[in-house]
Amino acid sequence: LAACASVLACGAVRMSSETVRGRDFEVLKVSPATASQRKVILIPGNPGLVEYYREVGTELSRLLAAPVVVVGYRGFLMEPERAWPSFDLEAQIAHARRVVNEECRGADAVALVGHSIGALVVLDLLRTTANVRAAAALMPFVAANDADPSYSRKKAIAGVPGVAAVLAVLAACLRRLPTALRARVLALLGFATDHMSPSARALTLDQMTAPANFHQYVAMGASEFRSPRILNGPDLSWRADFRATLAFVYADRPDIWVREADKLANLRAPDLETHVAPAPHDFPTSLDASLACAQILRDIIKPRFDAAPPRAALR
């Protein structure tokens, strides 16, 4: 593994930041100056570039005084040197299990956070990760919603044979354009960047248009739509053995891609919490949304870190 480390000041707290690069994935580690046996694992949405989560990871680490580790998906890299084979959802879940088990070794308290499709990954990780005291699903994508026109449209595009390769070629062409024109074309394709923070905008224009990353983004997305986990909805039958908090954080907006009420209808139970987050529909590409979500996560995780007993993995 190759690592790139830096030290940054966040208010009065000194934080260290390290990006660890594996063969075909990256892990972002943000830590406070003081050591802690507590750890937060964040599983991203698709695209799985860890840099999208640097702002929320840094703020959450500061608020909790604990390390935050963002586990990137296979096939997503900054400045990819080559295109990797497509990794579907099941391969990414298996990858997350391996990395998370390694990262959580020695931690006496763990919180798992999943964004979008990462929430579905977290529901799987809850069964195999020891010492979990809290878990949170940010704007979760955990079940199909074919009644939503936007969802159906994206599903239809992703289902076209060879679409990932075609769009990767389009991405290669986009990279030849000046940045401003590239942003215009992406906006016409439904990927507007004007609302993004400067860092997220640069990441989208420079890294998401890398053919290898865009190919993986589309290919992984297509596998999500086909996944039995999405088509059938998540299985929480094991929840009776779960003693930590499982919280769902969602946006109170009618235009969210998959309506949260529909997704959560079969998951509601007395031991599930729901939190309405302020304008997190721009998460993680908006700084304000990232900071707001970090505060919400802090309020969910810290009381459980301080009070709840650890548990062994269900396995």
# chains A, B, ... in the order shown; residues from 1 in each chain; ligands from 1
$ closest_atom_pairs --of "stretch 15-82 of chain A" --to "stretch 108-113 of chain A" --cutoff "7 Å" --atoms "only C-alpha atoms" --output "JSON lines"
{"residue": "A:Gln37", "atom": "CA", "partner": "A:Asp108", "partner_atom": "CA", "distance": 5.7}
{"residue": "A:Arg38", "atom": "CA", "partner": "A:Ala109", "partner_atom": "CA", "distance": 4.7}
{"residue": "A:Lys39", "atom": "CA", "partner": "A:Val110", "partner_atom": "CA", "distance": 5.0}
{"residue": "A:Val40", "atom": "CA", "partner": "A:Ala111", "partner_atom": "CA", "distance": 4.7}
{"residue": "A:Ile41", "atom": "CA", "partner": "A:Leu112", "partner_atom": "CA", "distance": 5.0}
{"residue": "A:Leu42", "atom": "CA", "partner": "A:Val113", "partner_atom": "CA", "distance": 4.7}
{"residue": "A:Ile43", "atom": "CA", "partner": "A:Val113", "partner_atom": "CA", "distance": 6.1}
$ write_last_selection --atoms "C-alpha atoms" --output "PDB file, in the first residue's frame"
ATOM      1  CA  GLN A  37      -9.501   3.272  20.465  1.00  0.00           C
ATOM      2  CA  ARG A  38     -12.790   4.417  18.944  1.00  0.00           C
ATOM      3  CA  LYS A  39     -13.185   4.417  15.182  1.00  0.00           C
ATOM      4  CA  VAL A  40     -15.738   5.526  12.602  1.00  0.00           C
ATOM      5  CA  ILE A  41     -15.900   3.679   9.287  1.00  0.00           C
ATOM      6  CA  LEU A  42     -17.575   5.522   6.403  1.00  0.00           C
ATOM      7  CA  ILE A  43     -18.669   3.600   3.307  1.00  0.00           C
TER       8      ILE A  43
END
$ residues_around --residues "A:Leu203" --least-positions-apart "3" --cutoff "10 Å" --atoms "only C-alpha atoms" --output "list in words"
Leu49, Glu51, Tyr52, Met78, Met196, Ser197, Pro198, Ser199, Ala200, Asp206, Gln207, Met208, Thr209 and Thr285 of chain A
$ closest_residue --among "A:Arg62, A:Arg176, A:Arg74, A:Arg21" --to "A:Tyr217" --atoms "only C-alpha atoms"
A:Arg74
$ closest_atom_pairs --of "stretch 22-106 of chain A" --to "stretch 219-227 of chain A" --cutoff "8 Å" --atoms "only C-alpha atoms" --output "Markdown table"
| residue | atom | partner | partner_atom | distance |
| --- | --- | --- | --- | --- |
| A:Asn46 | CA | A:Gly221 | CA | 7.2 |
| A:Ser86 | CA | A:Ala219 | CA | 6.2 |
| A:Phe87 | CA | A:Met220 | CA | 6.3 |
| A:Asp88 | CA | A:Met220 | CA | 5.0 |
| A:Leu89 | CA | A:Ser223 | CA | 5.9 |
$ write_last_selection --atoms "C-alpha atoms" --output "JSON list (two decimals), in the first residue's frame"
[["chain", "number", "residue", "atom", "x", "y", "z"],
["A", 46, "ASN", "CA", -21.29, 5.48, -5.94],
["A", 86, "SER", "CA", -15.80, -3.87, -13.53],
["A", 87, "PHE", "CA", -16.55, -4.67, -9.89],
["A", 88, "ASP", "CA", -20.22, -5.30, -9.18],
["A", 89, "LEU", "CA", -22.06, -4.64, -5.93]]
$ residues_around --residues "A:Phe25" --least-positions-apart "3" --cutoff "8 Å" --atoms "only C-alpha atoms" --output "number ranges by chain"
A: 21-22, 72-77
$ write_last_selection --atoms "N, CA and C atoms" --output "PDB file, in the first residue's frame"
ATOM      1  N   ARG A  21      -3.255   4.058  -0.687  1.00  0.00           N
ATOM      2  CA  ARG A  21      -3.645   3.550  -2.000  1.00  0.00           C
ATOM      3  C   ARG A  21      -3.274   2.078  -2.118  1.00  0.00           C
ATOM      4  N   GLY A  22      -4.280   1.251  -2.334  1.00  0.00           N
ATOM      5  CA  GLY A  22      -4.041  -0.157  -2.592  1.00  0.00           C
ATOM      6  C   GLY A  22      -3.879  -0.390  -4.083  1.00  0.00           C
ATOM      7  N   GLY A  72     -12.784   3.363   0.246  1.00  0.00           N
ATOM      8  CA  GLY A  72     -13.182   3.513  -1.145  1.00  0.00           C
ATOM      9  C   GLY A  72     -13.482   2.175  -1.800  1.00  0.00           C
ATOM     10  N   TYR A  73     -14.278   2.211  -2.854  1.00  0.00           N
ATOM     11  CA  TYR A  73     -14.601   0.998  -3.597  1.00  0.00           C
ATOM     12  C   TYR A  73     -13.478   0.654  -4.572  1.00  0.00           C
ATOM     13  N   ARG A  74     -13.450  -0.591  -4.952  1.00  0.00           N
ATOM     14  CA  ARG A  74     -12.473  -1.042  -5.935  1.00  0.00           C
ATOM     15  C   ARG A  74     -12.764  -0.400  -7.299  1.00  0.00           C
ATOM     16  N   GLY A  75     -11.701  -0.032  -7.984  1.00  0.00           N
ATOM     17  CA  GLY A  75     -11.852   0.540  -9.318  1.00  0.00           C
ATOM     18  C   GLY A  75     -11.948   2.045  -9.354  1.00  0.00           C
ATOM     19  N   PHE A  76     -12.010   2.708  -8.173  1.00  0.00           N
ATOM     20  CA  PHE A  76     -12.069   4.166  -8.112  1.00  0.00           C
ATOM     21  C   PHE A  76     -10.761   4.693  -7.534  1.00  0.00           C
ATOM     22  N   LEU A  77     -10.014   5.454  -8.329  1.00  0.00           N
ATOM     23  CA  LEU A  77      -8.717   5.956  -7.906  1.00  0.00           C
ATOM     24  C   LEU A  77      -8.512   7.385  -8.397  1.00  0.00           C
TER      25      LEU A  77
END
$ residues_around --residues "A:Ile301" --least-positions-apart "5" --cutoff "8 Å" --atoms "only C-alpha atoms" --output "number ranges by chain"
A: 111, 133-135
$ closest_residue --among "A:Ala137, A:Ala147, A:Val185, A:Val218" --to "A:Gly48" --atoms "only C-alpha atoms"
A:Val218
$ closest_residue --among "A:Thr204, A:Gln216, A:Asn131, A:Thr34" --to "A:Arg175" --atoms "only C-alpha atoms"
A:Thr204
$ closest_residue --among "A:Ala144, A:Val69, A:Ala212, A:Leu205" --to "A:Leu181" --atoms "only C-alpha atoms"
A:Leu205
$ select_by_dssp --residues "stretch 73-237 of chain A" --states "strand (DSSP E or B)" --output "list of chain:residue names"
A:Ala109, A:Val110, A:Ala111, A:Leu112, A:Val113, A:Gly114, A:His115, A:Val132, A:Arg133, A:Ala134, A:Ala135, A:Ala136, A:Ala137, A:Leu138
$ atom_distance --atom1 "atom CA of A:Val71" --atom2 "atom CA of A:Asp299"
22.1 Å
$ closest_residue --among "A:Pro67, A:Ala247, A:Ala210, A:Ser286" --to "A:Glu79" --atoms "only C-alpha atoms"
A:Ala210
$ residues_around --residues "stretch 164-169 of chain A" --least-positions-apart "2" --cutoff "6 Å" --atoms "only C-alpha atoms" --output "MDAnalysis selection string"
chainID A and resid 162 171:172 211 214:215 218:219
$ atom_distance --atom1 "atom CA of A:Arg82" --atom2 "atom CA of A:Val27"
18.3 Å
$ select_by_dssp --residues "stretch 53-142 of chain A" --states "alpha helix (DSSP H)" --output "PyMOL selection string"
chain A and resi 54-64+89-103+117-125
$ write_last_selection --atoms "N, CA, C and O atoms" --output "compact mmCIF listing (two decimals), in the first residue's frame"
# COMPACT_ATOMS: atom_id res chain seq x y z
N ARG A 54 -13.79 13.88 2.29
CA ARG A 54 -12.74 14.45 3.13
C ARG A 54 -13.33 15.48 4.11
O ARG A 54 -12.94 15.53 5.29
N GLU A 55 -14.24 16.32 3.65
CA GLU A 55 -14.77 17.39 4.50
C GLU A 55 -15.60 16.83 5.65
O GLU A 55 -15.43 17.22 6.80
N VAL A 56 -16.50 15.89 5.34
CA VAL A 56 -17.31 15.33 6.42
C VAL A 56 -16.44 14.48 7.35
O VAL A 56 -16.64 14.47 8.56
N GLY A 57 -15.46 13.76 6.80
CA GLY A 57 -14.58 12.95 7.62
C GLY A 57 -13.75 13.78 8.58
O GLY A 57 -13.60 13.44 9.76
N THR A 58 -13.23 14.90 8.08
CA THR A 58 -12.42 15.77 8.92
C THR A 58 -13.24 16.39 10.05
O THR A 58 -12.83 16.41 11.21
N GLU A 59 -14.44 16.87 9.71
CA GLU A 59 -15.28 17.49 10.73
C GLU A 59 -15.77 16.47 11.75
O GLU A 59 -15.80 16.74 12.96
N LEU A 60 -16.15 15.29 11.29
CA LEU A 60 -16.65 14.26 12.22
C LEU A 60 -15.53 13.78 13.14
O LEU A 60 -15.76 13.54 14.33
N SER A 61 -14.32 13.64 12.61
CA SER A 61 -13.19 13.25 13.44
C SER A 61 -12.92 14.30 14.52
O SER A 61 -12.64 13.97 15.67
N ARG A 62 -13.04 15.56 14.14
CA ARG A 62 -12.85 16.64 15.12
C ARG A 62 -13.93 16.60 16.20
O ARG A 62 -13.64 16.71 17.40
N LEU A 63 -15.17 16.41 15.80
CA LEU A 63 -16.28 16.42 16.75
C LEU A 63 -16.24 15.25 17.72
O LEU A 63 -16.62 15.37 18.89
N LEU A 64 -15.78 14.10 17.25
CA LEU A 64 -15.77 12.88 18.07
C LEU A 64 -14.42 12.62 18.72
O LEU A 64 -14.31 11.74 19.58
N LEU A 89 -21.72 -4.94 -7.31
CA LEU A 89 -22.06 -4.64 -5.93
C LEU A 89 -21.59 -5.73 -4.98
O LEU A 89 -21.05 -5.44 -3.91
N GLU A 90 -21.76 -6.98 -5.35
CA GLU A 90 -21.36 -8.08 -4.46
C GLU A 90 -19.85 -8.08 -4.25
O GLU A 90 -19.36 -8.33 -3.14
N ALA A 91 -19.09 -7.79 -5.30
CA ALA A 91 -17.64 -7.72 -5.16
C ALA A 91 -17.24 -6.56 -4.25
O ALA A 91 -16.30 -6.68 -3.45
N GLN A 92 -17.96 -5.45 -4.35
CA GLN A 92 -17.64 -4.31 -3.50
C GLN A 92 -17.99 -4.59 -2.04
O GLN A 92 -17.28 -4.15 -1.12
N ILE A 93 -19.06 -5.32 -1.79
CA ILE A 93 -19.43 -5.68 -0.42
C ILE A 93 -18.37 -6.60 0.18
O ILE A 93 -17.94 -6.43 1.33
N ALA A 94 -17.92 -7.59 -0.59
CA ALA A 94 -16.87 -8.49 -0.11
C ALA A 94 -15.58 -7.72 0.17
O ALA A 94 -14.89 -7.97 1.17
N HIS A 95 -15.26 -6.78 -0.69
CA HIS A 95 -14.09 -5.92 -0.50
C HIS A 95 -14.22 -5.10 0.79
O HIS A 95 -13.27 -5.01 1.59
N ALA A 96 -15.39 -4.52 1.02
CA ALA A 96 -15.61 -3.72 2.22
C ALA A 96 -15.46 -4.56 3.48
O ALA A 96 -14.88 -4.11 4.47
N ARG A 97 -15.97 -5.80 3.45
CA ARG A 97 -15.82 -6.68 4.62
C ARG A 97 -14.35 -6.88 4.97
O ARG A 97 -13.96 -6.78 6.15
N ARG A 98 -13.54 -7.16 3.97
CA ARG A 98 -12.12 -7.42 4.22
C ARG A 98 -11.42 -6.19 4.79
O ARG A 98 -10.70 -6.29 5.79
N VAL A 99 -11.63 -5.05 4.17
CA VAL A 99 -10.94 -3.83 4.60
C VAL A 99 -11.42 -3.38 5.97
O VAL A 99 -10.62 -3.02 6.84
N VAL A 100 -12.73 -3.44 6.20
CA VAL A 100 -13.28 -2.97 7.48
C VAL A 100 -12.82 -3.86 8.62
O VAL A 100 -12.45 -3.38 9.71
N ASN A 101 -12.81 -5.16 8.43
CA ASN A 101 -12.34 -6.06 9.49
C ASN A 101 -10.89 -5.77 9.85
O ASN A 101 -10.50 -5.82 11.03
N GLU A 102 -10.09 -5.46 8.85
CA GLU A 102 -8.68 -5.11 9.10
C GLU A 102 -8.58 -3.77 9.83
O GLU A 102 -7.82 -3.62 10.79
N GLU A 103 -9.35 -2.78 9.38
CA GLU A 103 -9.28 -1.45 9.97
C GLU A 103 -9.79 -1.42 11.42
O GLU A 103 -9.33 -0.61 12.23
N ILE A 117 -25.73 3.95 -1.62
CA ILE A 117 -25.58 2.50 -1.71
C ILE A 117 -24.66 1.98 -0.60
O ILE A 117 -24.73 0.82 -0.21
N GLY A 118 -23.83 2.87 -0.04
CA GLY A 118 -22.99 2.48 1.09
C GLY A 118 -23.81 2.08 2.30
O GLY A 118 -23.35 1.30 3.14
N ALA A 119 -25.05 2.60 2.42
CA ALA A 119 -25.92 2.19 3.51
C ALA A 119 -26.27 0.71 3.40
O ALA A 119 -26.34 0.00 4.41
N LEU A 120 -26.48 0.22 2.18
CA LEU A 120 -26.76 -1.20 1.99
C LEU A 120 -25.53 -2.03 2.37
O LEU A 120 -25.67 -3.10 2.97
N VAL A 121 -24.35 -1.53 2.04
CA VAL A 121 -23.12 -2.22 2.42
C VAL A 121 -23.01 -2.28 3.94
O VAL A 121 -22.64 -3.32 4.51
N VAL A 122 -23.34 -1.19 4.62
CA VAL A 122 -23.26 -1.16 6.08
C VAL A 122 -24.21 -2.17 6.70
O VAL A 122 -23.88 -2.83 7.70
N LEU A 123 -25.41 -2.33 6.14
CA LEU A 123 -26.34 -3.32 6.68
C LEU A 123 -25.73 -4.72 6.63
O LEU A 123 -26.00 -5.56 7.50
N ASP A 124 -24.92 -4.99 5.63
CA ASP A 124 -24.20 -6.26 5.56
C ASP A 124 -23.06 -6.30 6.59
O ASP A 124 -22.87 -7.30 7.28
N LEU A 125 -22.32 -5.19 6.71
CA LEU A 125 -21.18 -5.15 7.62
C LEU A 125 -21.60 -5.30 9.08
O LEU A 125 -20.81 -5.76 9.91
$ atom_distance --atom1 "atom CA of A:Pro234" --atom2 "atom CA of A:Arg127"
12.7 Å
